[in-house]
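Undergrad: The structure's right below; bear with me while I get my questions together.
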Amino acid sequence: MTDSPILALRGVSKSFGQVHALSQVDFHADAGEVMALVGDNGAGKSTLIKSIAGIHPIDEGEILFEGRPVSIGGPKDAGRLGIEVVYQDLALCDNLDVVQNMYLGRELRDRLWRLDEATMEQRTRETLRGLSVTTIRTPRQLVAGLSGGQRQSVAVARAVMWNSRVVILDEPTAALGVAQTRQVLDLVRRLAEQGLAVVLISHNLHDIFEVADRITVLRLGRSVGEYAVAETTQQEIVQAITAGIPAAARSNGEAPV
Amino acid sequence: MSDAAPTASDSIPAARTDAPQSVGAAIRDFWNGLRAGDLGSLPIIFGLLVIVVIFSSKNENFLTAGNFVNLMVQMAGVTTIAIGVVFVLLLGEIDLSVGFVSGVAGVTVAKLVLPDANQTSAFVAIAAALVVGAAIGLLQGTIVAKIGVPSFVVTLAGLLAWQGVVLLAIGEGGTIVIQDQRILDIANRFLSDRAGWLLAALAIALYAGTKLLGILGRRRAGLPSGSLAVVGAKLVAFAAAILAVVAVSNRDRGFPLVGVIVAALLVFWTYVAKRTAFGRHVYAVGGNAEAARRSGINVDRVRIAVFMLCSAMAAFGGIILASRLFSVDTNAGGGTLLLDAIAAAVIGGTSLFGGRGEVKSALLGALVIVSVANGMGLLGLSAGLQFLVTGLILLAAVTVDSLSRKRLAAVGR
Ligand SMILES: Nc1ncnc2c1ncn2[C@@H]1O[C@H](COP(=O)(O)OP(=O)(O)O)[C@@H](O)[C@H]1O
Ligand SMILES: [Mg+2]
């Protein structure tokens with residue numbers, strides 16, 4: 001839907017000692033679309049998004065944001081570009097409440113260097129409401145007391161609160177029941193409808209075929225290929241994941257709507 | 001992106017932690033918190049009551065104005081050191097060096113104000129001792145944060161090393177007597193009755209003012225601002241406590257200057273812990289360091305800053321102790337000081353596991369430890385028995401902490 005993707009990776013490689021977690025990976029995410037990232041355990045999915053988030057510096061290749069090469073040295077850099085990540089392990093502080101987690105590391109302050117709790121709470125309420133997250137009773141509740149789905153909602157809400165352009169979700173439904181998975185998938189779709197580029201990592205192909213527009217398959221740290229959901233089947237994706245068989249004939253161009 | 005959302009906040013009910021909507025709701029929140037394992041200051045207030053009942057029934061001197069003022073002066077040093085320890089515990093770290101860091105600071109001040117060729121003013125001496133403390137914290141914190149040596153080991157090494165420094169600086173069996181009146185005033189001066197009342201009025205006004213501003217701020221943001229009755233009840237309780245303390249003090253020597261200093265430190269560090277981004281980051285690092293790091297918090301910097309403030313507060317405590325004893329000797333910062341300071345923080349309700357606790361636990365815990373020591377001293381009981389009892393109290397406090405942690409974990413998720 002746009003001429004150039006918001007986020008693109010070209011030939012990115014990353015090793016941990018002897019382990020080549022990523023080698024020569026290409027990847028992109030476009031505004032208003034959900035790009036699914038799939039692959040077996042250890043394929044390098046988490047490593048890929050940590051590279052984008054600036055948690056691990058990449059060894060090789062380049063990251064382009066809106067067509068310009070950028071260097072992302074840490075979570076703050078990623079945040080400044082408008083890239084937000086919701087990690088598999090959520091990375092919330094159980095001992096803090098919802099508002100405190102939403103603003104962690106980016107607290108609003110008044111002139112006296114004092115935390116502006118009132119504004120932070122108000123915006124948290126607005127964000128949760130804007131995403132139709134109704135299950136969280138009060139934003140002053142400790143995160144320790146939330147259910148898995150509620151925690152996921154907090155993590156997602158936190159990611160989209162910053163006028164972000166790209167939101168990356170690492171297995172957001174892995175630990176959830178049916179109803180909670182439903183909530184999160186709806187949320188994912190809403191984010192794309194609001195014009196964000198969404199990257200979704202999941203093992204559940206059924207979920208992916210429901211919400212994603214495109215699928216990138218990783219295998220043993222390499223990209224097998226990119227598939228448009230409308231033009232592929234679950235079998236084809238399974239084969240790509242397990243055997244690394246790339247799509248036979250595909251135009252790697254625009255996504256059909 | 002959600003700026004267009006309406007400001008009414010009906011879909012999300014009132015906040016639990018800071019704005020119960022009625023007295024009934026406040027009591028219900030409190031009860032729910034208790035059941036979830038969040039005991040707050042309840043065990044300690046109960047413990048203090050027990051202590052007061054036992055000692056005052058055994059010795060008529062325990063519950064007197066004179067002994068009350070003594071208590072305040074006796075606990076000032078430990079409380080000050082324990083404030084720093086609270087921050088280190090919040091990180092989930094430990095600082096075993098605070099005792100002898102306080103000793104080093106005491107020696108620094110005593111030496112600098114000695115009436116010899118390089119005598120300095122009391123002010124300069126105090127500043128120098130605090131800087132020495134912060135520098136020690138910078139060193140120890142950097143080793144912990146950047147090299148990754150466990151704080152237990154780094155500060156154990158510090159415990160030995162700074163004890164060595166105290167010994168070297170004073171010389172075997174030596175004592176440095178402090179003659180500087182300004183330094184001695186710190187722990188040995190008392191406010192006039194009128195100054196005491198004035199200060200109490202100021203404290204109450206400050207408390208009421210901040211509460212009021214908080215409510216107004218929430219109203220302005222369109223948030224539920226809580227029940228005025230609850231806030232009013234808290235204000236009355238606070239005012240009654242302050243006025244009682246001053247009234248009792250005034251029946252004896254008056255409110256101690258060192259009490260004012262410790263109160264100011266408590267207020268300041270509570271503000272830092274609860275109202276600043278730095279304080280928030282301390283809790284975050286203690287709760288989930290990886291989450292803090294991914295949120296862009298400079299975890300190493302937070303750790304180093306906390307070790308610095310802990311050592312600086314230890315130094316402050318050392319100055320107070322030196323002033324109270326009129327001197328420093330080779331034992332400065334030794335004895336049970338370190339364990340008392342750590343025990344105070346823990347008994348006061350700060351978790352050893354990081355992320356949970358408050359600055360005020362330094363005061364509450366020190367109150368328990370010092371009143372036990374004071375009461376048993378009045379009864380003429382041996383030091384051995386004192387250690388035994390304090391040890392049991394500490395064990396009870398840590399057990400409560402562990403149990404409530406388990407309970408919280410069971411309730412959460
Ligand atoms: N911090 C790390 N240190 C060493 N090896 C790592 C690290 N993170 C990931 N790896 C390795 O990199 C490979 C890819 O892991 P990961 O990106 O977590 O896969 P996925 O998320 O697709 O399951 C695995 O072999 C894993 O063991
Ligand atoms: Mg993973």
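Ordering of the structure tokens sets the chain letters (A, B, ...); residue numbers start at 1 within each chain; ligands are numbered from 1 in the order shown.
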For ligand 1, return the neighbouring residues as JSON, numbers by chain (distance at most 8 Å; only C-alpha atoms and all ligand atoms).
TA: {"A": [15, 16, 17, 19, 20, 21, 22, 38, 39, 40, 41, 42, 43, 44, 45, 46, 47, 48, 218, 220, 221]}
Undergrad: Can you tell me which residues surround segment 330-336 of chain B at a distance of at most 10 Å, considering only C-alpha atoms, apart from same-chain residues fewer than 2 positions away, and format the answer as a PyMOL selection string?
TA: chain B and resi 97-107+159+162-176+314-315+317-318+321-322+325+327-328+338-341+387
Undergrad: Could you check the closest approach to Ala284 of chain B for each of A:Thr124, A:Thr233, A:Asn95, A:Ser202 and tell me which residue wins, using only C-alpha atoms?
TA: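 Counting only C-alpha atoms, the residue closest to Ala284 of chain B is A:Asn95.
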Undergrad: Near segment 186-188 of chain A, counting only C-alpha atoms, which residues have an atom at most 9 Å away, once you skip same-chain residues fewer than 6 positions from it, shown as number ranges by chain?
TA: A: 34, 131-133, 153, 156, 169, 198, 200, 211
Undergrad: Of the candidates B:Val113, B:Ala200, B:Ala128, B:Val372, which one gets nearest to Ala244 of chain B if we count only C-alpha atoms?
TA: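 Of B:Val113, B:Ala200, B:Ala128, B:Val372, the one nearest Ala244 of chain B, counting only C-alpha atoms, is B:Ala200.
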Undergrad: Provide as an mmCIF file with all heavy atoms, in the first residue's frame the residues of chain A at most 7 Å from chain B, counting only C-alpha atoms.
TA:
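Just written: result_25.cif:
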data_model
loop_
_atom_site.group_PDB
_atom_site.id
_atom_site.type_symbol
_atom_site.label_atom_id
_atom_site.label_comp_id
_atom_site.auth_asym_id
_atom_site.auth_seq_id
_atom_site.Cartn_x
_atom_site.Cartn_y
_atom_site.Cartn_z
ATOM 1 N N PRO A 75 17.267 0.272 22.859
ATOM 2 C CA PRO A 75 15.806 0.409 22.850
ATOM 3 C C PRO A 75 15.363 1.861 22.662
ATOM 4 O O PRO A 75 14.350 2.118 22.011
ATOM 5 C CB PRO A 75 15.397 -0.112 24.224
ATOM 6 C CG PRO A 75 16.516 -0.974 24.680
ATOM 7 C CD PRO A 75 17.752 -0.429 24.062
ATOM 8 N N LYS A 76 16.148 2.803 23.184
ATOM 9 C CA LYS A 76 15.775 4.212 23.044
ATOM 10 C C LYS A 76 15.800 4.640 21.584
ATOM 11 O O LYS A 76 14.910 5.365 21.133
ATOM 12 C CB LYS A 76 16.740 5.093 23.870
ATOM 13 C CG LYS A 76 16.452 5.061 25.372
ATOM 14 C CD LYS A 76 16.046 6.453 25.871
ATOM 15 C CE LYS A 76 15.304 6.382 27.190
ATOM 16 N NZ LYS A 76 16.152 6.509 28.376
ATOM 17 N N ALA A 91 8.232 -8.735 29.494
ATOM 18 C CA ALA A 91 9.102 -7.740 30.091
ATOM 19 C C ALA A 91 8.307 -6.654 30.807
ATOM 20 O O ALA A 91 8.474 -5.462 30.561
ATOM 21 C CB ALA A 91 10.028 -7.122 29.042
ATOM 22 N N LEU A 92 7.422 -7.071 31.672
ATOM 23 C CA LEU A 92 6.735 -6.121 32.547
ATOM 24 C C LEU A 92 7.306 -6.277 33.955
ATOM 25 O O LEU A 92 7.828 -7.327 34.304
ATOM 26 C CB LEU A 92 5.234 -6.413 32.580
ATOM 27 C CG LEU A 92 4.491 -6.315 31.256
ATOM 28 C CD1 LEU A 92 3.065 -6.801 31.418
ATOM 29 C CD2 LEU A 92 4.508 -4.885 30.743
ATOM 30 N N CYS A 93 7.206 -5.233 34.734
ATOM 31 C CA CYS A 93 7.639 -5.318 36.130
ATOM 32 C C CYS A 93 6.428 -5.656 37.004
ATOM 33 O O CYS A 93 5.517 -4.840 37.142
ATOM 34 C CB CYS A 93 8.253 -3.996 36.590
ATOM 35 S SG CYS A 93 9.866 -3.687 35.881
ATOM 36 N N ASP A 94 6.449 -6.854 37.574
ATOM 37 C CA ASP A 94 5.322 -7.306 38.382
ATOM 38 C C ASP A 94 5.061 -6.425 39.593
ATOM 39 O O ASP A 94 3.937 -6.335 40.075
ATOM 40 C CB ASP A 94 5.582 -8.736 38.889
ATOM 41 C CG ASP A 94 5.189 -9.766 37.856
ATOM 42 O OD1 ASP A 94 4.771 -9.352 36.769
ATOM 43 O OD2 ASP A 94 5.303 -10.959 38.150
ATOM 44 N N ASN A 95 6.125 -5.803 40.101
ATOM 45 C CA ASN A 95 5.978 -5.022 41.328
ATOM 46 C C ASN A 95 5.476 -3.609 41.058
ATOM 47 O O ASN A 95 5.330 -2.824 41.997
ATOM 48 C CB ASN A 95 7.302 -4.975 42.093
ATOM 49 C CG ASN A 95 8.417 -4.351 41.270
ATOM 50 O OD1 ASN A 95 8.430 -4.459 40.046
ATOM 51 N ND2 ASN A 95 9.328 -3.681 41.933
ATOM 52 N N LEU A 104 7.162 3.080 31.777
ATOM 53 C CA LEU A 104 8.486 2.739 32.287
ATOM 54 C C LEU A 104 9.587 3.207 31.335
ATOM 55 O O LEU A 104 9.547 2.940 30.141
ATOM 56 C CB LEU A 104 8.591 1.223 32.495
ATOM 57 C CG LEU A 104 9.790 0.779 33.320
ATOM 58 C CD1 LEU A 104 9.741 1.413 34.692
ATOM 59 C CD2 LEU A 104 9.829 -0.734 33.433
ATOM 60 N N GLY A 105 10.526 3.938 31.887
ATOM 61 C CA GLY A 105 11.647 4.433 31.091
ATOM 62 C C GLY A 105 11.327 5.698 30.315
ATOM 63 O O GLY A 105 12.208 6.299 29.705
ATOM 64 N N GLU A 107 8.892 8.147 31.686
ATOM 65 C CA GLU A 107 7.967 8.789 32.599
ATOM 66 C C GLU A 107 7.786 10.271 32.257
ATOM 67 O O GLU A 107 8.734 10.939 31.842
ATOM 68 C CB GLU A 107 8.488 8.668 34.037
ATOM 69 C CG GLU A 107 8.500 7.257 34.589
ATOM 70 C CD GLU A 107 9.728 6.463 34.180
ATOM 71 O OE1 GLU A 107 10.610 7.041 33.490
ATOM 72 O OE2 GLU A 107 9.810 5.282 34.536
ATOM 73 N N TRP A 113 10.694 18.063 38.470
ATOM 74 C CA TRP A 113 11.262 16.727 38.279
ATOM 75 C C TRP A 113 10.388 15.659 38.901
ATOM 76 O O TRP A 113 10.817 14.569 39.202
ATOM 77 C CB TRP A 113 12.647 16.631 38.926
ATOM 78 C CG TRP A 113 13.743 17.016 38.020
ATOM 79 C CD1 TRP A 113 13.695 17.997 37.073
ATOM 80 C CD2 TRP A 113 15.047 16.444 37.937
ATOM 81 N NE1 TRP A 113 14.890 18.073 36.432
ATOM 82 C CE2 TRP A 113 15.736 17.146 36.946
ATOM 83 C CE3 TRP A 113 15.688 15.412 38.618
ATOM 84 C CZ2 TRP A 113 17.042 16.842 36.611
ATOM 85 C CZ3 TRP A 113 16.991 15.127 38.292
ATOM 86 C CH2 TRP A 113 17.658 15.835 37.294
ATOM 87 N N ARG A 114 9.135 16.041 39.138
ATOM 88 C CA ARG A 114 8.253 15.127 39.822
ATOM 89 C C ARG A 114 7.475 14.349 38.776
ATOM 90 O O ARG A 114 7.113 14.896 37.735
ATOM 91 C CB ARG A 114 7.305 15.944 40.695
ATOM 92 C CG ARG A 114 6.623 15.200 41.777
ATOM 93 C CD ARG A 114 5.895 16.189 42.630
ATOM 94 N NE ARG A 114 5.227 17.195 41.785
ATOM 95 C CZ ARG A 114 4.406 18.111 42.257
ATOM 96 N NH1 ARG A 114 4.171 18.190 43.542
ATOM 97 N NH2 ARG A 114 3.828 18.974 41.453
ATOM 98 N N LEU A 115 7.200 13.089 39.051
ATOM 99 C CA LEU A 115 6.431 12.291 38.111
ATOM 100 C C LEU A 115 5.036 12.881 37.985
ATOM 101 O O LEU A 115 4.407 13.210 38.978
ATOM 102 C CB LEU A 115 6.339 10.850 38.605
ATOM 103 C CG LEU A 115 7.664 10.100 38.637
ATOM 104 C CD1 LEU A 115 7.512 8.783 39.353
ATOM 105 C CD2 LEU A 115 8.172 9.889 37.227
ATOM 106 N N ALA A 118 -0.864 12.003 37.401
ATOM 107 C CA ALA A 118 -2.237 12.202 36.944
ATOM 108 C C ALA A 118 -2.316 12.084 35.427
ATOM 109 O O ALA A 118 -3.162 11.369 34.880
ATOM 110 C CB ALA A 118 -2.752 13.552 37.419
ATOM 111 N N THR A 119 -1.419 12.777 34.718
ATOM 112 C CA THR A 119 -1.460 12.723 33.261
ATOM 113 C C THR A 119 -1.162 11.314 32.754
ATOM 114 O O THR A 119 -1.799 10.823 31.822
ATOM 115 C CB THR A 119 -0.451 13.722 32.669
ATOM 116 O OG1 THR A 119 -0.655 14.989 33.289
ATOM 117 C CG2 THR A 119 -0.620 13.851 31.181
ATOM 118 N N GLN A 122 -4.208 9.196 33.231
ATOM 119 C CA GLN A 122 -5.277 9.580 32.304
ATOM 120 C C GLN A 122 -5.007 9.031 30.903
ATOM 121 O O GLN A 122 -5.881 8.457 30.262
ATOM 122 C CB GLN A 122 -5.358 11.105 32.295
ATOM 123 C CG GLN A 122 -6.444 11.659 31.433
ATOM 124 C CD GLN A 122 -6.166 13.109 31.094
ATOM 125 O OE1 GLN A 122 -5.041 13.579 31.235
ATOM 126 N NE2 GLN A 122 -7.186 13.798 30.654
ATOM 127 N N GLU A 126 -7.002 6.295 28.556
ATOM 128 C CA GLU A 126 -7.428 6.590 27.185
ATOM 129 C C GLU A 126 -6.901 5.550 26.207
ATOM 130 O O GLU A 126 -7.632 5.088 25.328
ATOM 131 C CB GLU A 126 -6.931 7.972 26.767
ATOM 132 C CG GLU A 126 -7.775 9.089 27.334
ATOM 133 C CD GLU A 126 -7.146 10.449 27.067
ATOM 134 O OE1 GLU A 126 -6.134 10.505 26.347
ATOM 135 O OE2 GLU A 126 -7.676 11.439 27.589
ATOM 136 N N THR A 127 -5.631 5.195 26.361
ATOM 137 C CA THR A 127 -5.053 4.220 25.436
ATOM 138 C C THR A 127 -5.754 2.881 25.548
ATOM 139 O O THR A 127 -6.100 2.260 24.540
ATOM 140 C CB THR A 127 -3.549 4.046 25.722
ATOM 141 O OG1 THR A 127 -2.935 5.318 25.678
ATOM 142 C CG2 THR A 127 -2.910 3.127 24.709
ATOM 143 N N GLY A 130 -9.018 3.239 23.943
ATOM 144 C CA GLY A 130 -8.887 3.352 22.492
ATOM 145 C C GLY A 130 -8.676 1.990 21.839
ATOM 146 O O GLY A 130 -9.064 1.765 20.700
ATOM 147 N N ARG A 137 -9.462 -3.770 35.143
ATOM 148 C CA ARG A 137 -10.413 -3.065 35.981
ATOM 149 C C ARG A 137 -9.906 -1.677 36.348
ATOM 150 O O ARG A 137 -10.601 -0.684 36.233
ATOM 151 C CB ARG A 137 -10.651 -3.890 37.253
ATOM 152 C CG ARG A 137 -12.003 -3.710 37.892
ATOM 153 C CD ARG A 137 -12.209 -4.762 38.969
ATOM 154 N NE ARG A 137 -11.037 -4.952 39.792
ATOM 155 C CZ ARG A 137 -10.705 -4.156 40.812
ATOM 156 N NH1 ARG A 137 -11.460 -3.146 41.125
ATOM 157 N NH2 ARG A 137 -9.621 -4.392 41.497
ATOM 158 N N THR A 138 -8.675 -1.611 36.801
ATOM 159 C CA THR A 138 -8.107 -0.314 37.152
ATOM 160 C C THR A 138 -6.637 -0.250 36.782
ATOM 161 O O THR A 138 -5.896 -1.206 37.018
ATOM 162 C CB THR A 138 -8.261 -0.011 38.667
ATOM 163 O OG1 THR A 138 -7.090 0.656 39.115
ATOM 164 C CG2 THR A 138 -8.474 -1.270 39.459
ATOM 165 N N PRO A 139 -6.202 0.861 36.197
ATOM 166 C CA PRO A 139 -4.801 0.963 35.775
ATOM 167 C C PRO A 139 -3.846 1.129 36.955
ATOM 168 O O PRO A 139 -2.649 1.226 36.760
ATOM 169 C CB PRO A 139 -4.799 2.197 34.881
ATOM 170 C CG PRO A 139 -5.933 3.009 35.355
ATOM 171 C CD PRO A 139 -6.973 2.056 35.858
ATOM 172 N N ARG A 140 -4.397 1.185 38.175
ATOM 173 C CA ARG A 140 -3.527 1.271 39.345
ATOM 174 C C ARG A 140 -3.354 -0.083 40.013
ATOM 175 O O ARG A 140 -2.929 -0.196 41.145
ATOM 176 C CB ARG A 140 -4.082 2.288 40.347
ATOM 177 C CG ARG A 140 -3.875 3.724 39.902
ATOM 178 C CD ARG A 140 -2.408 4.015 39.743
ATOM 179 N NE ARG A 140 -2.165 5.377 39.277
ATOM 180 C CZ ARG A 140 -0.943 5.839 39.007
ATOM 181 N NH1 ARG A 140 0.109 5.077 39.138
ATOM 182 N NH2 ARG A 140 -0.787 7.071 38.587
ATOM 183 N N GLN A 141 -3.725 -1.117 39.266
ATOM 184 C CA GLN A 141 -3.563 -2.475 39.753
ATOM 185 C C GLN A 141 -2.128 -2.923 39.495
ATOM 186 O O GLN A 141 -1.557 -2.599 38.442
ATOM 187 C CB GLN A 141 -4.527 -3.340 38.947
ATOM 188 C CG GLN A 141 -4.889 -4.641 39.563
ATOM 189 C CD GLN A 141 -5.942 -5.334 38.704
ATOM 190 O OE1 GLN A 141 -6.512 -4.736 37.778
ATOM 191 N NE2 GLN A 141 -6.186 -6.570 38.998
ATOM 192 N N ALA A 144 1.376 -7.845 38.763
ATOM 193 C CA ALA A 144 1.442 -9.199 39.326
ATOM 194 C C ALA A 144 0.059 -9.837 39.412
ATOM 195 O O ALA A 144 -0.077 -11.050 39.317
ATOM 196 C CB ALA A 144 2.074 -9.166 40.711
ATOM 197 N N GLY A 145 -0.974 -9.020 39.563
ATOM 198 C CA GLY A 145 -2.311 -9.562 39.749
ATOM 199 C C GLY A 145 -3.094 -9.753 38.458
ATOM 200 O O GLY A 145 -4.269 -10.099 38.506
ATOM 201 N N LEU A 146 -2.466 -9.519 37.288
ATOM 202 C CA LEU A 146 -3.207 -9.613 36.024
ATOM 203 C C LEU A 146 -3.110 -11.015 35.421
ATOM 204 O O LEU A 146 -2.142 -11.736 35.638
ATOM 205 C CB LEU A 146 -2.639 -8.599 35.020
ATOM 206 C CG LEU A 146 -2.714 -7.128 35.404
ATOM 207 C CD1 LEU A 146 -2.165 -6.274 34.274
ATOM 208 C CD2 LEU A 146 -4.127 -6.718 35.730
ATOM 209 N N SER A 147 -4.104 -11.364 34.628
ATOM 210 C CA SER A 147 -4.080 -12.638 33.903
ATOM 211 C C SER A 147 -3.167 -12.507 32.686
ATOM 212 O O SER A 147 -2.756 -11.413 32.314
ATOM 213 C CB SER A 147 -5.483 -12.993 33.440
ATOM 214 O OG SER A 147 -5.843 -12.162 32.349
ATOM 215 N N GLY A 148 -2.883 -13.639 32.053
ATOM 216 C CA GLY A 148 -2.002 -13.628 30.891
ATOM 217 C C GLY A 148 -2.492 -12.701 29.785
ATOM 218 O O GLY A 148 -1.728 -11.939 29.207
ATOM 219 N N MET A 161 1.361 3.220 22.502
ATOM 220 C CA MET A 161 1.020 4.516 23.096
ATOM 221 C C MET A 161 1.902 5.645 22.580
ATOM 222 O O MET A 161 1.602 6.811 22.753
ATOM 223 C CB MET A 161 1.131 4.422 24.615
ATOM 224 C CG MET A 161 0.539 5.605 25.327
ATOM 225 S SD MET A 161 0.263 5.232 27.052
ATOM 226 C CE MET A 161 1.849 4.682 27.538
ATOM 227 N N ASN A 163 2.809 6.820 19.620
ATOM 228 C CA ASN A 163 2.711 7.165 18.215
ATOM 229 C C ASN A 163 3.662 6.300 17.412
ATOM 230 O O ASN A 163 4.387 6.781 16.549
ATOM 231 C CB ASN A 163 3.041 8.647 17.968
ATOM 232 C CG ASN A 163 1.957 9.534 18.531
ATOM 233 O OD1 ASN A 163 0.785 9.201 18.438
ATOM 234 N ND2 ASN A 163 2.350 10.637 19.126
#
Undergrad: Give me the residues near Ile347 of chain B as a PyMOL selection string, where near means some atom within 10 Å (using only C-alpha atoms) and where sequence neighbours in that chain fewer than 4 positions away do not count.
TA: chain B and resi 41+43-44+47+340-343+351+361-369+393-398+400-401
Undergrad: Provide the atom CA of Val70 of chain A to atom CA of Arg109 of chain A distance in Å, to one decimal place.
TA: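 Computed distance, atom CA of Val70 of chain A to atom CA of Arg109 of chain A, equals 29.2 Å.
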Undergrad: Excluding same-chain residues fewer than 6 positions from segment 52-54 of chain B, what lies within 12 Å of it counting only C-alpha atoms, as an MDAnalysis selection string?
TA: chainID B and resid 45:46 60:64 68 367:368 370:372 374:376 379
Undergrad: Pull C-alpha atoms from the residues just selected and write them as an mmCIF file, in the first residue's frame.
TA:
data_model
loop_
_atom_site.group_PDB
_atom_site.id
_atom_site.type_symbol
_atom_site.label_atom_id
_atom_site.label_comp_id
_atom_site.auth_asym_id
_atom_site.auth_seq_id
_atom_site.Cartn_x
_atom_site.Cartn_y
_atom_site.Cartn_z
ATOM 1 C CA ILE B 45 3.045 -1.696 64.226
ATOM 2 C CA PHE B 46 1.736 -4.737 66.058
ATOM 3 C CA GLU B 60 8.446 2.440 84.660
ATOM 4 C CA ASN B 61 11.288 4.377 83.028
ATOM 5 C CA PHE B 62 10.606 2.975 79.552
ATOM 6 C CA LEU B 63 7.530 5.004 78.729
ATOM 7 C CA THR B 64 8.785 8.388 79.913
ATOM 8 C CA PHE B 68 11.453 8.813 74.440
ATOM 9 C CA LEU B 367 12.409 2.009 66.080
ATOM 10 C CA VAL B 368 11.902 -1.697 66.810
ATOM 11 C CA VAL B 370 16.553 0.468 69.181
ATOM 12 C CA SER B 371 13.569 0.213 71.509
ATOM 13 C CA VAL B 372 14.328 -3.448 72.148
ATOM 14 C CA ASN B 374 16.881 0.401 75.013
ATOM 15 C CA GLY B 375 14.212 -1.518 76.921
ATOM 16 C CA MET B 376 16.423 -4.501 77.625
ATOM 17 C CA LEU B 379 15.885 -3.982 82.518
#
Undergrad: What's around Gly259 of chain B at 10 Å? Count only C-alpha atoms, leave out sequence neighbours fewer than 3 positions away in its own chain, and write the answer as a CSV table (one decimal) with N, CA, C and O atoms, in the first residue's frame.
TA:
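Full text of out-v9.csv as output:
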chain,number,residue,atom,x,y,z
B,69,VAL,N,12.9,10.8,74.3
B,69,VAL,CA,13.8,11.6,73.6
B,69,VAL,C,15.2,10.9,73.4
B,69,VAL,O,15.8,11.0,72.4
B,72,MET,N,14.9,8.7,70.4
B,72,MET,CA,15.0,9.4,69.1
B,72,MET,C,16.5,9.6,68.8
B,72,MET,O,16.9,9.5,67.6
B,73,VAL,N,17.2,10.0,69.8
B,73,VAL,CA,18.6,10.3,69.5
B,73,VAL,C,19.4,9.0,69.3
B,73,VAL,O,20.2,9.0,68.4
B,75,MET,N,18.4,6.3,67.9
B,75,MET,CA,18.1,5.6,66.7
B,75,MET,C,18.4,6.5,65.4
B,75,MET,O,18.4,5.9,64.3
B,76,ALA,N,18.8,7.7,65.6
B,76,ALA,CA,19.1,8.6,64.5
B,76,ALA,C,20.1,8.0,63.5
B,76,ALA,O,19.9,8.0,62.3
B,186,ILE,N,24.9,18.5,66.3
B,186,ILE,CA,24.1,17.6,65.5
B,186,ILE,C,23.2,16.7,66.3
B,186,ILE,O,22.0,16.6,66.1
B,187,ALA,N,23.9,16.0,67.2
B,187,ALA,CA,23.1,15.0,68.0
B,187,ALA,C,22.9,15.4,69.4
B,187,ALA,O,22.3,14.6,70.2
B,189,ARG,N,21.7,18.7,70.5
B,189,ARG,CA,21.0,19.9,70.6
B,189,ARG,C,19.5,19.7,70.6
B,189,ARG,O,19.1,18.8,69.8
B,190,PHE,N,18.7,20.4,71.3
B,190,PHE,CA,17.3,20.2,71.3
B,190,PHE,C,16.6,21.5,71.0
B,190,PHE,O,17.1,22.6,71.3
B,191,LEU,N,15.5,21.4,70.3
B,191,LEU,CA,14.7,22.6,69.9
B,191,LEU,C,14.0,23.2,71.1
B,191,LEU,O,13.6,22.4,72.0
B,255,PHE,N,12.4,18.7,71.3
B,255,PHE,CA,12.6,17.8,70.2
B,255,PHE,C,14.0,17.9,69.7
B,255,PHE,O,14.6,19.0,69.5
B,256,PRO,N,14.7,16.8,69.5
B,256,PRO,CA,16.1,16.8,69.2
B,256,PRO,C,16.3,17.3,67.8
B,256,PRO,O,15.6,17.0,66.8
B,262,VAL,N,16.8,13.7,60.6
B,262,VAL,CA,16.4,12.4,60.2
B,262,VAL,C,15.0,12.5,59.5
B,262,VAL,O,14.8,11.9,58.4
B,263,ALA,N,14.1,13.3,60.0
B,263,ALA,CA,12.8,13.5,59.4
B,263,ALA,C,12.9,14.1,58.0
B,263,ALA,O,12.3,13.7,57.1
B,264,ALA,N,13.8,15.1,57.9
B,264,ALA,CA,14.0,15.7,56.6
B,264,ALA,C,14.6,14.7,55.6
B,264,ALA,O,14.2,14.7,54.4
B,265,LEU,N,15.5,13.9,56.1
B,265,LEU,CA,16.1,12.9,55.2
B,265,LEU,C,15.0,11.9,54.8
B,265,LEU,O,15.0,11.5,53.6
Undergrad: When you draw a straight line from atom CA of Asn250 of chain B to atom CA of Gly377 of chain B, how long is it in Å?
TA: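 Here the two named atoms are 24.1 Å from each other.
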Undergrad: Which residues in segment 66-243 of chain A does DSSP call alpha helix (DSSP H)? List them as a VMD selection string.
TA: chain A and resid 75 to 81 98 to 102 117 to 130 148 to 160 178 to 193 205 to 211 234 to 243
Undergrad: Can you tell me which residues surround Cys310 of chain B at a distance of at most 8 Å, considering only C-alpha atoms, apart from same-chain residues fewer than 3 positions away, and format the answer as a PyMOL selection string?
TA: chain B and resi 81+83-85+87-88+98+134+137+306-307+313-314
Undergrad: For a test of reading the model, state the distance in Å between atom CA of Leu9 of chain A and atom CA of Thr232 of chain A, rounded to one decimal.
TA: 23.1 Å
Undergrad: List every residue of segment 20-242 of chain A that DSSP, applied to the backbone, labels as strand (DSSP E or B), and write the result as a ChimeraX atom specification.
TA: /A:20-29,34-38,60-65,68-70,83-86,97,109,115,142,166-170,197-201,214-219,222-228
Undergrad: Of the residues A:Arg151, A:His203, A:Arg165, A:Arg111, which is the one nearest to ligand 2, using only C-alpha atoms and all ligand atoms?
TA: A:His203
Undergrad: Hey, which of A:Glu117, A:Asp26, A:Glu60, A:Glu171 ends up closest to ligand 2? Count only C-alpha atoms and all ligand atoms.
TA: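 The closest residue to ligand 2 is A:Glu171.
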